[in-house]
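Participant: My questions all concern the structure below.
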Amino acid sequence: MLKATGAAAGAVGIGTALGTTTAAAATPYAHPGLLHTRADLARMAAKVKAGAAPYTAGFARLTANRHARSGWTANPQTTVYRGAGSPQNYTILYNDIHAAYQNALRWHVTGDGAHADTAVAILNAWSAKLTGVQGSADRFLAAGLYGYQFANAAELVRDREDFDLARFQEMLTTVFAPLSESFLTHHNNAVDSNYWANWDLTALACVLATGILCDDRSQVARAVDYFKHGAGMGSVKNAIPVVYGDGLAEWVEAGRDQGHALLGVGLMGTVCEMAWNQGIDLYGYDDSRFLKGAQYVAKWSMGGEVPYTANTRRKGAIGGWSGTETASAAAGVDPAMRRPVWAMIANHYTKRRGLSATYLTRIAAQAAPEGGGGDYGPNSGGYDQLGFGTLAFTRDRASAADGGNADSGTGSADGAGGTGGKGGTAASPGASAAGSVPSVAGSASPAGGGDLAATGSEEIVGWSAAAGITAIAGGLLMLRRRDKGRHEAP
């Protein structure tokens, strides 16, 4: 089961592991209903057909991406490996996933069936062959990242008669989701804080997406409970441990590096959006704590000065080596670094909710038009988000009559769930519609070169190269720590 802290543990049905039989929901979730709803897809198609900005610029990024071309041939593997010491082949998987997603999205916008055929062929090929995800600790990253992305691609073609939905659901629930739930429960047999926040968030995204795709309400409830009360670094109060008095809240991985902080914000936004589209409001949870954390990362990433309260986390294996690591200041940033994570978050808070989010608005404008996998460098870090937010998430401001919930599911304040009022099948494709590096204190290393504290740090090279960062040229803008008097202890 997923570990939660305090009295919240067990508040919802968290005792059933994914590896055992679970009761599916009596009534299905709204479909499509992961990152994109039926209304979202109709809006994209109508706006592009009308030549409306900025949708056309976003669509141009999609059509220019080589993954979005019809006729992409899948290369399914029996076993996917990620991590040192294994015959790594995970690049094959993430390239195929992004090809499936981009073709499916392009089909919904244009109605060109060749793109739907391509997406379905990719997804069917993998579900017919893949039996396992293996490797070092990085296998958990692979399961989480590619599990939630796979689910989103499948959700876009789930009603196609030639798509084997049942077999695909079985692959997700037997290959990807068990690894993700195991990580949230046991953290690879390490102490709960051993892994930085983005590790939890990849796993959380996979568990939630799988639950929605498979209409398993108990699984979705476990994911929602972990977001609120989980023991690991990725639950919202651990990922955002300090709330300041100026509308900002510290993102814990800002003490690590910019690339991983952007990854974490993008993943938490993904979790919040998928939940929202099923009537669960995680965006607004705990006085919109995620908004404050996202504003913090946006300001910091643009070169602004932000406070940072030193954070010390325990590291180590259960019953084995142990140590601590302290991040004492916000890391340096390159304001030119771009990741396609901002349009979705900015549009939710400023357009759906009508809230002021100055830093989110500015950074989303700087990042636009957002691309997707393949547009942000050749390494895996450039494929961590599905992207294309300018096309997919730009929306008009909701009117008062909409209750701030235009074009999407209606988020419930208590997170109890619901259908968001978007049931039924997908709209016809193309149809018109209205509308600083951490300092280490007393740390210890795992014996024997084990993978317990693997960080995926090799991805920093990829992120840096894609953003044009050169330390020799002095391209990193180092930010000094600023103490603030008002803050809330974690």
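So you can find residues: chains in the structure tokens are A, B, ... in the order shown, residues in each start at 1, and ligands are numbered from 1 in order.
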Neighbouring residues of Arg339 of chain A were defined as those with any atom within 9 Å, considering only C-alpha atoms; residues of the same chain fewer than 2 positions away were excluded. Please report them as a PDB file with N, CA, C and O atoms, in the first residue's frame.
Facilitator:
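That gives us around-v2.pdb:
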```pdb
ATOM      1  N   GLY A 259      17.012  22.200 -13.553  1.00  0.00           N
ATOM      2  CA  GLY A 259      16.373  21.213 -14.411  1.00  0.00           C
ATOM      3  C   GLY A 259      15.425  20.307 -13.659  1.00  0.00           C
ATOM      4  O   GLY A 259      14.301  20.052 -14.106  1.00  0.00           O
ATOM      5  N   LEU A 262      12.255  22.187 -12.507  1.00  0.00           N
ATOM      6  CA  LEU A 262      11.287  22.331 -13.587  1.00  0.00           C
ATOM      7  C   LEU A 262      10.569  21.013 -13.858  1.00  0.00           C
ATOM      8  O   LEU A 262       9.359  20.996 -14.112  1.00  0.00           O
ATOM      9  N   LEU A 263      11.306  19.917 -13.804  1.00  0.00           N
ATOM     10  CA  LEU A 263      10.679  18.607 -13.971  1.00  0.00           C
ATOM     11  C   LEU A 263       9.614  18.388 -12.909  1.00  0.00           C
ATOM     12  O   LEU A 263       8.492  17.955 -13.201  1.00  0.00           O
ATOM     13  N   GLY A 266       6.500  20.513 -13.463  1.00  0.00           N
ATOM     14  CA  GLY A 266       5.732  19.973 -14.570  1.00  0.00           C
ATOM     15  C   GLY A 266       4.969  18.724 -14.190  1.00  0.00           C
ATOM     16  O   GLY A 266       3.807  18.542 -14.582  1.00  0.00           O
ATOM     17  N   MET A 337      16.742  28.828 -19.966  1.00  0.00           N
ATOM     18  CA  MET A 337      16.309  27.428 -19.997  1.00  0.00           C
ATOM     19  C   MET A 337      14.797  27.359 -20.196  1.00  0.00           C
ATOM     20  O   MET A 337      14.034  28.041 -19.513  1.00  0.00           O
ATOM     21  N   VAL A 341       6.273  23.387 -19.530  1.00  0.00           N
ATOM     22  CA  VAL A 341       5.490  23.044 -18.339  1.00  0.00           C
ATOM     23  C   VAL A 341       4.555  24.162 -17.900  1.00  0.00           C
ATOM     24  O   VAL A 341       3.730  23.948 -16.997  1.00  0.00           O
ATOM     25  N   TRP A 342       4.652  25.333 -18.517  1.00  0.00           N
ATOM     26  CA  TRP A 342       4.028  26.495 -17.906  1.00  0.00           C
ATOM     27  C   TRP A 342       2.630  26.817 -18.409  1.00  0.00           C
ATOM     28  O   TRP A 342       1.803  27.339 -17.650  1.00  0.00           O
ATOM     29  N   ALA A 367       8.026  31.047 -22.733  1.00  0.00           N
ATOM     30  CA  ALA A 367       8.177  29.671 -23.223  1.00  0.00           C
ATOM     31  C   ALA A 367       7.352  29.398 -24.473  1.00  0.00           C
ATOM     32  O   ALA A 367       7.560  28.393 -25.144  1.00  0.00           O
ATOM     33  N   GLU A 370       4.899  26.455 -26.918  1.00  0.00           N
ATOM     34  CA  GLU A 370       5.554  25.277 -26.361  1.00  0.00           C
ATOM     35  C   GLU A 370       5.576  24.116 -27.351  1.00  0.00           C
ATOM     36  O   GLU A 370       4.579  23.832 -28.008  1.00  0.00           O
ATOM     37  N   GLY A 371       6.731  23.444 -27.413  1.00  0.00           N
ATOM     38  CA  GLY A 371       6.860  22.230 -28.200  1.00  0.00           C
ATOM     39  C   GLY A 371       6.662  21.017 -27.322  1.00  0.00           C
ATOM     40  O   GLY A 371       6.052  21.087 -26.252  1.00  0.00           O
ATOM     41  N   GLY A 372       7.204  19.880 -27.774  1.00  0.00           N
ATOM     42  CA  GLY A 372       7.053  18.638 -27.027  1.00  0.00           C
ATOM     43  C   GLY A 372       8.300  17.791 -27.121  1.00  0.00           C
ATOM     44  O   GLY A 372       9.397  18.294 -27.375  1.00  0.00           O
ATOM     45  N   TYR A 376      13.381  19.647 -27.145  1.00  0.00           N
ATOM     46  CA  TYR A 376      14.155  20.180 -26.026  1.00  0.00           C
ATOM     47  C   TYR A 376      15.408  19.356 -25.767  1.00  0.00           C
ATOM     48  O   TYR A 376      15.784  19.119 -24.616  1.00  0.00           O
ATOM     49  N   GLY A 382      14.612  15.829 -22.228  1.00  0.00           N
ATOM     50  CA  GLY A 382      13.804  16.559 -23.186  1.00  0.00           C
ATOM     51  C   GLY A 382      12.500  15.876 -23.534  1.00  0.00           C
ATOM     52  O   GLY A 382      11.709  16.412 -24.322  1.00  0.00           O
ATOM     53  N   GLN A 385       8.190  15.715 -20.412  1.00  0.00           N
ATOM     54  CA  GLN A 385       6.830  16.242 -20.510  1.00  0.00           C
ATOM     55  C   GLN A 385       6.291  15.991 -21.910  1.00  0.00           C
ATOM     56  O   GLN A 385       7.040  16.003 -22.896  1.00  0.00           O
ATOM     57  N   GLY A 387       4.154  18.037 -23.371  1.00  0.00           N
ATOM     58  CA  GLY A 387       4.297  19.343 -23.989  1.00  0.00           C
ATOM     59  C   GLY A 387       3.112  19.827 -24.801  1.00  0.00           C
ATOM     60  O   GLY A 387       1.975  19.402 -24.617  1.00  0.00           O
TER      61      GLY A 387
END
```
Participant: Report the closest atom pair, with its distance in Å rounded to one decimal, for each residue of segment 93-129 of chain A that has an atom no farther than 10 Å from segment 57-71 of chain A; count only C-alpha atoms, sort by chain and then rising residue number, and write it as a tab-separated table.
Facilitator:
```
residue	atom	partner	partner_atom	distance
A:Asn95	CA	A:His67	CA	7.5
A:Asp96	CA	A:His67	CA	8.0
A:Ile97	CA	A:His67	CA	9.2
A:His98	CA	A:His67	CA	6.5
A:Ala99	CA	A:His67	CA	4.3
A:Ala100	CA	A:Ala68	CA	7.9
A:Tyr101	CA	A:Ala68	CA	8.1
A:Gln102	CA	A:Ala68	CA	4.9
A:Asn103	CA	A:Ala68	CA	4.9
A:Ala104	CA	A:Ala68	CA	8.5
A:Leu105	CA	A:Ala68	CA	8.6
A:Arg106	CA	A:Ala68	CA	7.1
A:Trp107	CA	A:Ser70	CA	9.6
A:Val109	CA	A:Phe59	CA	8.6
A:Asp112	CA	A:Ser70	CA	9.4
A:Gly113	CA	A:Ser70	CA	9.2
A:Ala114	CA	A:Ser70	CA	5.9
A:His115	CA	A:Ser70	CA	4.9
A:Ala116	CA	A:Ser70	CA	8.3
A:Asp117	CA	A:Ser70	CA	7.9
A:Thr118	CA	A:Ser70	CA	5.6
A:Ala119	CA	A:Ser70	CA	8.2
A:Ala121	CA	A:Gly71	CA	9.3
A:Ile122	CA	A:Gly71	CA	9.8
```
Participant: Compile the contact shell of Val271 of chain A as an MDAnalysis selection string: residues with an atom at most 8 Å away, counting only C-alpha atoms, same-chain residues fewer than 5 positions apart removed.
Facilitator: chainID A and resid 204:205 208
Participant: Can I get the selection written as a compact mmCIF listing (two decimals), in the first residue's frame, with all heavy atoms?
Facilitator:
```txt
# COMPACT_ATOMS: atom_id res chain seq x y z
N LEU A 204 3.65 8.95 -8.83
CA LEU A 204 2.29 9.40 -8.54
C LEU A 204 1.51 9.65 -9.82
O LEU A 204 0.33 9.28 -9.94
CB LEU A 204 2.37 10.68 -7.70
CG LEU A 204 1.07 11.23 -7.13
CD1 LEU A 204 0.38 10.20 -6.26
CD2 LEU A 204 1.37 12.50 -6.32
N ALA A 205 2.17 10.25 -10.81
CA ALA A 205 1.50 10.50 -12.09
C ALA A 205 1.08 9.20 -12.76
O ALA A 205 -0.01 9.10 -13.33
CB ALA A 205 2.42 11.31 -13.02
N LEU A 208 -1.97 7.58 -10.81
CA LEU A 208 -3.20 8.32 -11.07
C LEU A 208 -3.69 8.09 -12.49
O LEU A 208 -4.87 7.81 -12.72
CB LEU A 208 -2.98 9.81 -10.82
CG LEU A 208 -4.17 10.72 -11.09
CD1 LEU A 208 -5.34 10.38 -10.17
CD2 LEU A 208 -3.77 12.19 -10.91
```
Participant: Please indicate the distance in Å from atom CA of Lys299 of chain A to atom CA of Tyr359 of chain A, rounded to one decimal place.
Facilitator: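 Separating atom CA of Lys299 of chain A from atom CA of Tyr359 of chain A is a distance of 5.5 Å.
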Participant: Set the distance at 6 Å and use only C-alpha atoms: which residues neighbour Pro335 of chain A once local chain neighbours fewer than 4 positions away are removed? I'd like the list as a compact mmCIF listing (two decimals) with N, CA and C atoms, in the first residue's frame.
Facilitator:
```txt
# COMPACT_ATOMS: atom_id res chain seq x y z
N SER A 301 13.45 30.89 -11.85
CA SER A 301 13.95 30.47 -13.15
C SER A 301 14.17 31.65 -14.09
N MET A 302 13.47 32.73 -13.88
CA MET A 302 13.66 33.93 -14.70
C MET A 302 14.78 34.81 -14.17
N GLY A 303 15.46 34.37 -13.12
CA GLY A 303 16.58 35.13 -12.57
C GLY A 303 16.21 35.99 -11.40
```
Participant: Counting only C-alpha atoms, give me one row per residue of segment 209-298 of chain A with an atom at most 12 Å from an atom of segment 174-180 of chain A, showing the shortest contact pair and its distance in Å to one decimal, sorted by chain then residue number, as a tab-separated table.
Facilitator:
```
residue	atom	partner	partner_atom	distance
A:Ala209	CA	A:Ala177	CA	9.2
A:Thr210	CA	A:Ala177	CA	6.9
A:Gly211	CA	A:Ala177	CA	9.0
A:Leu213	CA	A:Ala177	CA	11.7
A:Cys214	CA	A:Ala177	CA	11.3
A:Gln219	CA	A:Ala177	CA	10.0
A:Val220	CA	A:Ala177	CA	11.8
A:Ala223	CA	A:Ser180	CA	10.6
```
Participant: How would the residues just chosen look if you wrote them out with N, CA, C and O atoms as an mmCIF file, in the first residue's frame?
Facilitator:
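That gives us again20.cif:
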```
data_model
loop_
_atom_site.group_PDB
_atom_site.id
_atom_site.type_symbol
_atom_site.label_atom_id
_atom_site.label_comp_id
_atom_site.auth_asym_id
_atom_site.auth_seq_id
_atom_site.Cartn_x
_atom_site.Cartn_y
_atom_site.Cartn_z
ATOM 1 N N ALA A 209 -2.788 8.204 -13.465
ATOM 2 C CA ALA A 209 -3.191 8.052 -14.865
ATOM 3 C C ALA A 209 -3.708 6.651 -15.142
ATOM 4 O O ALA A 209 -4.695 6.466 -15.864
ATOM 5 N N THR A 210 -3.052 5.653 -14.557
ATOM 6 C CA THR A 210 -3.495 4.275 -14.746
ATOM 7 C C THR A 210 -4.882 4.071 -14.141
ATOM 8 O O THR A 210 -5.754 3.416 -14.731
ATOM 9 N N GLY A 211 -5.102 4.624 -12.963
ATOM 10 C CA GLY A 211 -6.402 4.493 -12.316
ATOM 11 C C GLY A 211 -7.522 5.082 -13.150
ATOM 12 O O GLY A 211 -8.596 4.498 -13.280
ATOM 13 N N LEU A 213 -7.441 5.742 -16.518
ATOM 14 C CA LEU A 213 -7.572 4.999 -17.768
ATOM 15 C C LEU A 213 -8.333 3.700 -17.566
ATOM 16 O O LEU A 213 -9.123 3.282 -18.414
ATOM 17 N N CYS A 214 -8.114 3.064 -16.421
ATOM 18 C CA CYS A 214 -8.721 1.756 -16.145
ATOM 19 C C CYS A 214 -9.987 1.847 -15.306
ATOM 20 O O CYS A 214 -10.517 0.823 -14.860
ATOM 21 N N GLN A 219 -7.755 3.090 -6.906
ATOM 22 C CA GLN A 219 -6.393 3.467 -7.258
ATOM 23 C C GLN A 219 -6.254 4.990 -7.325
ATOM 24 O O GLN A 219 -5.266 5.554 -6.863
ATOM 25 N N VAL A 220 -7.245 5.658 -7.908
ATOM 26 C CA VAL A 220 -7.222 7.110 -7.959
ATOM 27 C C VAL A 220 -7.259 7.689 -6.553
ATOM 28 O O VAL A 220 -6.536 8.639 -6.228
ATOM 29 N N ALA A 223 -3.862 7.592 -4.995
ATOM 30 C CA ALA A 223 -2.977 8.617 -5.535
ATOM 31 C C ALA A 223 -3.287 9.983 -4.934
ATOM 32 O O ALA A 223 -2.379 10.734 -4.563
#
```
Participant: For atom CA of Phe393 of chain A and atom CA of Arg160 of chain A, determine how far apart the two atoms are, in Å to one decimal place.
Facilitator: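 So the answer is 23.9 Å.
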Participant: I want to know what sits within 9 Å of Leu165 of chain A, based on only C-alpha atoms, with residues of the same chain fewer than 6 positions away left out; could you give that as a ChimeraX atom specification?
Facilitator: /A:124,154,157-159
Participant: Please list as an MDAnalysis selection string every residue within 10 Å of segment 237-244 of chain A, counting only C-alpha atoms and excluding residues in the same chain fewer than 5 positions away.
Facilitator: chainID A and resid 193 196:198 200:201 227:232 249:253 261 264:265 268 286 289:290 292:294 296 307:309 311 484:490
Participant: Take the residues from that selection and put them in a file with N, CA and C atoms, as an mmCIF file, in the first residue's frame.
Facilitator:
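Printed below is out11.cif as written:
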```
data_model
loop_
_atom_site.group_PDB
_atom_site.id
_atom_site.type_symbol
_atom_site.label_atom_id
_atom_site.label_comp_id
_atom_site.auth_asym_id
_atom_site.auth_seq_id
_atom_site.Cartn_x
_atom_site.Cartn_y
_atom_site.Cartn_z
ATOM 1 N N SER A 193 12.731 9.868 2.656
ATOM 2 C CA SER A 193 13.247 11.115 2.094
ATOM 3 C C SER A 193 14.509 10.920 1.273
ATOM 4 N N TRP A 196 14.698 12.556 -4.106
ATOM 5 C CA TRP A 196 14.137 13.887 -4.302
ATOM 6 C C TRP A 196 12.696 13.795 -4.811
ATOM 7 N N ALA A 197 12.021 14.945 -4.781
ATOM 8 C CA ALA A 197 10.576 14.993 -5.025
ATOM 9 C C ALA A 197 10.167 14.443 -6.379
ATOM 10 N N ASN A 198 10.974 14.677 -7.422
ATOM 11 C CA ASN A 198 10.503 14.275 -8.749
ATOM 12 C C ASN A 198 10.362 12.772 -8.884
ATOM 13 N N ASP A 200 9.083 10.669 -6.573
ATOM 14 C CA ASP A 200 7.714 10.409 -6.139
ATOM 15 C C ASP A 200 6.702 10.869 -7.180
ATOM 16 N N LEU A 201 6.938 12.038 -7.759
ATOM 17 C CA LEU A 201 5.949 12.620 -8.656
ATOM 18 C C LEU A 201 5.800 11.837 -9.949
ATOM 19 N N PHE A 227 -0.779 12.377 -2.636
ATOM 20 C CA PHE A 227 -0.486 13.770 -2.964
ATOM 21 C C PHE A 227 -0.625 14.645 -1.715
ATOM 22 N N LYS A 228 -1.655 14.386 -0.933
ATOM 23 C CA LYS A 228 -1.928 15.223 0.232
ATOM 24 C C LYS A 228 -1.118 14.823 1.464
ATOM 25 N N HIS A 229 -0.908 13.518 1.674
ATOM 26 C CA HIS A 229 -0.371 13.057 2.945
ATOM 27 C C HIS A 229 0.805 12.095 2.831
ATOM 28 N N GLY A 230 1.324 11.858 1.635
ATOM 29 C CA GLY A 230 2.368 10.855 1.456
ATOM 30 C C GLY A 230 3.626 11.151 2.245
ATOM 31 N N ALA A 231 4.358 10.083 2.584
ATOM 32 C CA ALA A 231 5.548 10.204 3.415
ATOM 33 C C ALA A 231 6.771 10.671 2.648
ATOM 34 N N GLY A 232 6.792 10.491 1.337
ATOM 35 C CA GLY A 232 7.965 10.821 0.544
ATOM 36 C C GLY A 232 8.054 12.289 0.190
ATOM 37 N N ALA A 249 6.114 30.042 -2.289
ATOM 38 C CA ALA A 249 6.379 28.917 -1.400
ATOM 39 C C ALA A 249 7.560 28.142 -1.965
ATOM 40 N N GLU A 250 8.473 27.793 -1.120
ATOM 41 C CA GLU A 250 9.734 27.187 -1.532
ATOM 42 C C GLU A 250 9.543 25.831 -2.191
ATOM 43 N N TRP A 251 10.117 25.665 -3.376
ATOM 44 C CA TRP A 251 10.152 24.356 -4.019
ATOM 45 C C TRP A 251 11.436 23.680 -3.586
ATOM 46 N N VAL A 252 11.335 22.511 -2.951
ATOM 47 C CA VAL A 252 12.486 21.928 -2.287
ATOM 48 C C VAL A 252 13.641 21.669 -3.254
ATOM 49 N N GLU A 253 13.351 21.273 -4.487
ATOM 50 C CA GLU A 253 14.434 20.962 -5.419
ATOM 51 C C GLU A 253 15.070 22.195 -6.055
ATOM 52 N N ALA A 261 14.029 20.928 -10.734
ATOM 53 C CA ALA A 261 12.915 21.702 -10.203
ATOM 54 C C ALA A 261 11.843 21.897 -11.275
ATOM 55 N N GLY A 264 9.939 18.688 -11.658
ATOM 56 C CA GLY A 264 8.994 18.475 -10.572
ATOM 57 C C GLY A 264 7.739 19.311 -10.711
ATOM 58 N N VAL A 265 7.910 20.585 -11.055
ATOM 59 C CA VAL A 265 6.741 21.447 -11.236
ATOM 60 C C VAL A 265 5.868 20.930 -12.374
ATOM 61 N N MET A 268 4.001 17.804 -11.071
ATOM 62 C CA MET A 268 2.906 18.104 -10.151
ATOM 63 C C MET A 268 1.755 18.758 -10.888
ATOM 64 N N ASP A 286 -4.869 22.944 0.037
ATOM 65 C CA ASP A 286 -4.068 23.636 1.055
ATOM 66 C C ASP A 286 -3.811 25.087 0.646
ATOM 67 N N ARG A 289 -1.477 25.698 -2.478
ATOM 68 C CA ARG A 289 -0.048 25.589 -2.174
ATOM 69 C C ARG A 289 0.776 25.390 -3.454
ATOM 70 N N PHE A 290 0.251 24.638 -4.405
ATOM 71 C CA PHE A 290 0.996 24.425 -5.642
ATOM 72 C C PHE A 290 1.162 25.725 -6.419
ATOM 73 N N LYS A 292 1.618 28.667 -5.225
ATOM 74 C CA LYS A 292 2.716 29.414 -4.596
ATOM 75 C C LYS A 292 4.072 28.788 -4.918
ATOM 76 N N GLY A 293 4.125 27.461 -4.963
ATOM 77 C CA GLY A 293 5.366 26.794 -5.321
ATOM 78 C C GLY A 293 5.730 27.026 -6.778
ATOM 79 N N ALA A 294 4.743 26.994 -7.657
ATOM 80 C CA ALA A 294 4.999 27.221 -9.078
ATOM 81 C C ALA A 294 5.413 28.665 -9.331
ATOM 82 N N TYR A 296 7.033 30.505 -7.269
ATOM 83 C CA TYR A 296 8.408 30.567 -6.761
ATOM 84 C C TYR A 296 9.391 30.079 -7.826
ATOM 85 N N PRO A 307 13.715 33.614 -1.579
ATOM 86 C CA PRO A 307 14.221 33.114 -0.293
ATOM 87 C C PRO A 307 14.421 31.608 -0.359
ATOM 88 N N TYR A 308 15.244 31.095 0.502
ATOM 89 C CA TYR A 308 15.396 29.641 0.620
ATOM 90 C C TYR A 308 15.741 29.309 2.059
ATOM 91 N N THR A 309 14.928 28.500 2.687
ATOM 92 C CA THR A 309 15.177 28.026 4.034
ATOM 93 C C THR A 309 15.877 26.680 3.948
ATOM 94 N N ASN A 311 17.193 23.088 3.949
ATOM 95 C CA ASN A 311 16.432 21.851 4.072
ATOM 96 C C ASN A 311 17.389 20.680 4.211
ATOM 97 N N LYS A 484 13.577 35.735 4.854
ATOM 98 C CA LYS A 484 12.296 36.399 5.022
ATOM 99 C C LYS A 484 11.801 36.138 6.430
ATOM 100 N N GLY A 485 11.186 37.151 6.998
ATOM 101 C CA GLY A 485 10.748 36.991 8.366
ATOM 102 C C GLY A 485 9.546 36.103 8.513
ATOM 103 N N ARG A 486 8.612 36.214 7.564
ATOM 104 C CA ARG A 486 7.367 35.468 7.704
ATOM 105 C C ARG A 486 7.449 34.193 6.906
ATOM 106 N N HIS A 487 7.326 33.098 7.576
ATOM 107 C CA HIS A 487 7.210 31.843 6.862
ATOM 108 C C HIS A 487 6.555 30.816 7.748
ATOM 109 N N GLU A 488 6.094 29.814 7.095
ATOM 110 C CA GLU A 488 5.382 28.744 7.793
ATOM 111 C C GLU A 488 6.282 27.523 7.820
ATOM 112 N N ALA A 489 6.483 26.978 8.986
ATOM 113 C CA ALA A 489 7.346 25.813 9.104
ATOM 114 C C ALA A 489 6.688 24.629 8.417
ATOM 115 N N PRO A 490 7.528 23.699 7.879
ATOM 116 C CA PRO A 490 6.945 22.533 7.214
ATOM 117 C C PRO A 490 6.209 21.652 8.205
#
```
